[in-house]
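File shown: start-v5.txt (compact mmCIF, C-alpha atoms).
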```txt
# COMPACT_ATOMS: atom_id res chain seq x y z
CA MET A 29 0.00 0.00 0.00
CA SER A 30 1.29 3.45 -0.86
CA GLN A 31 2.34 5.98 1.74
CA PRO A 32 -0.50 8.49 1.03
CA LEU A 33 -3.08 5.73 1.53
CA GLN A 34 -1.46 4.64 4.79
CA ARG A 35 -1.45 8.23 6.04
CA LEU A 36 -5.11 8.62 5.08
CA GLU A 37 -6.07 5.42 6.93
CA LYS A 38 -4.48 6.86 10.09
CA CYS A 39 -6.92 9.78 9.81
CA VAL A 40 -10.02 7.61 10.28
CA GLY A 41 -12.03 9.18 13.09
CA LYS A 42 -10.49 12.63 12.60
CA ILE A 43 -11.98 15.78 11.09
CA ILE A 44 -10.76 16.39 7.53
CA HIS A 45 -11.32 19.05 4.88
CA VAL A 46 -11.66 17.94 1.26
CA ARG A 47 -11.58 20.05 -1.89
CA LEU A 48 -12.84 18.49 -5.11
CA LYS A 49 -11.60 19.22 -8.61
CA SER A 50 -14.86 21.13 -9.13
CA ASN A 51 -13.78 23.48 -6.27
CA GLN A 52 -16.51 22.24 -3.94
CA GLN A 53 -15.33 21.94 -0.34
CA TYR A 54 -16.47 19.53 2.36
CA THR A 55 -15.54 18.94 5.97
CA GLY A 56 -16.45 16.08 8.27
CA ARG A 57 -15.21 13.14 10.30
CA LEU A 58 -13.56 10.47 8.16
CA ARG A 59 -15.43 7.23 8.74
CA ILE A 60 -13.79 4.99 6.14
CA THR A 61 -11.53 5.08 3.10
CA ASP A 62 -10.42 2.50 0.56
CA GLN A 63 -7.60 1.82 -1.89
CA TYR A 64 -9.10 4.28 -4.41
CA MET A 65 -9.24 7.11 -1.82
CA ASN A 66 -13.04 7.00 -1.82
CA LEU A 67 -14.19 8.59 1.42
CA ILE A 68 -17.22 8.39 3.66
CA LEU A 69 -17.59 11.44 5.89
CA GLU A 70 -19.90 11.66 8.90
CA ASP A 71 -21.38 14.94 10.12
CA CYS A 72 -20.39 16.32 6.74
CA SER A 73 -20.83 19.97 5.76
CA GLU A 74 -20.48 21.60 2.37
CA LEU A 75 -18.56 24.86 2.53
CA SER A 76 -18.68 28.02 0.43
CA LYS A 77 -15.51 29.48 -1.09
CA GLU A 78 -15.24 31.67 2.01
CA GLY A 79 -15.35 28.60 4.26
CA LYS A 80 -18.89 29.10 5.60
CA ILE A 81 -21.27 26.16 5.91
CA THR A 82 -23.88 26.12 3.13
CA LYS A 83 -25.35 22.60 3.58
CA ARG A 84 -25.19 19.80 6.14
CA TYR A 85 -25.30 16.08 5.45
CA GLY A 86 -25.44 13.17 7.88
CA GLN A 87 -23.06 11.16 5.69
CA ALA A 88 -21.44 11.85 2.36
CA PHE A 89 -19.58 9.63 -0.09
CA LEU A 90 -16.79 11.35 -2.01
CA ARG A 91 -15.20 9.54 -4.95
CA GLY A 92 -11.43 9.46 -4.86
CA ASN A 93 -10.99 10.38 -8.51
CA ASN A 94 -12.76 13.73 -7.87
CA ILE A 95 -10.54 14.76 -4.93
CA LEU A 96 -8.07 17.58 -5.45
CA PHE A 97 -6.63 17.61 -1.91
CA ILE A 98 -7.31 16.56 1.68
CA LYS A 99 -6.33 18.54 4.78
CA VAL A 100 -6.39 17.04 8.27
CA ASP A 101 -7.29 19.18 11.31
```
Would it be possible to restate this file's structure as structure tokens?
Amino acid sequence: MSQPLQRLEKCVGKIIHVRLKSNQQYTGRLRITDQYMNLILEDCSELSKEGKITKRYGQAFLRGNNILFIKVD
């Protein structure tokens, strides 16, 4: 397994911020990830460009091939 995937697996249970290639931003607690960097976030919120919450989701599935970057709190 590659180093980025191992680092991401260590973040399970932590709050992360994700920006997609479409510039959409999400934040939430990482529940699970897989070998393709698909993510399931709990208590997920969609953020505006200014970083303000625009929508809230109980859970969200983010496809790994759409992810631009991930930041861990």
Please define a box with edges along x, y and z of the file around all atoms of segment 93-97 of chain A given in the file, extend it by 4 Å on each side, and return its centre and edge lengths in Å to one decimal, as AutoDock Vina command-line options.
```
--center_x -9.7 --center_y 14.0 --center_z -5.2 --size_x 14.1 --size_y 15.2 --size_z 14.6
```
Practice item. Find the residues around Leu67 of chain A up to 6 Å (all atoms listed in the file counted), leave out those fewer than 2 positions away in its own chain, and share them as a list in words. Key: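 Once the nearby chain positions are removed, what remains is Ile60, Thr61, Phe89 and Leu90 of chain A.
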Exercise for review: Might you pull out every residue within 9 Å of Met65 of chain A, with all atoms listed in the file counted and same-chain residues fewer than 3 positions away left off, and present them as a PyMOL selection string?
Suggested key: chain A and resi 33+36+61-62+90-93+95
Serialized selection, C-alpha atoms, as a short mmCIF file (atom, residue, chain, number, x, y, z; two decimals), in the coordinates of the input:
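And here is the file that came out, result_11.cif:
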```cif
data_model
loop_
_atom_site.label_atom_id
_atom_site.label_comp_id
_atom_site.auth_asym_id
_atom_site.auth_seq_id
_atom_site.Cartn_x
_atom_site.Cartn_y
_atom_site.Cartn_z
CA LEU A 33 -3.08 5.73 1.53
CA LEU A 36 -5.11 8.62 5.08
CA THR A 61 -11.53 5.08 3.10
CA ASP A 62 -10.42 2.50 0.56
CA LEU A 90 -16.79 11.35 -2.01
CA ARG A 91 -15.20 9.54 -4.95
CA GLY A 92 -11.43 9.46 -4.86
CA ASN A 93 -10.99 10.38 -8.51
CA ILE A 95 -10.54 14.76 -4.93
#
```
Exercise for review: Please measure the separation of atom CA of Asn94 of chain A and atom CA of Asn66 of chain A, giving the value in Å to one decimal.
Suggested key: 9.1 Å
Practice item. Using all atoms listed in the file, determine which residues lie at most 8 Å from segment 41-57 of chain A, disregarding the query and same-chain residues fewer than 4 positions distant; provide the list as a PyMOL selection string. Key: chain A and resi 69-77+94-101
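Minimum atom-to-atom distances from A:Leu58, A:Lys83, A:Gln63, A:Ile68 to Lys38 of chain A were compared using all atoms listed in the file, and the lowest value belongs to A:Leu58.
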Check your understanding: So how far away is atom CA of Ala88 of chain A from atom CA of Arg59 of chain A, in Å?
Key ->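 Calculated distance between atom CA of Arg59 of chain A and atom CA of Ala88 of chain A is 9.9 Å.
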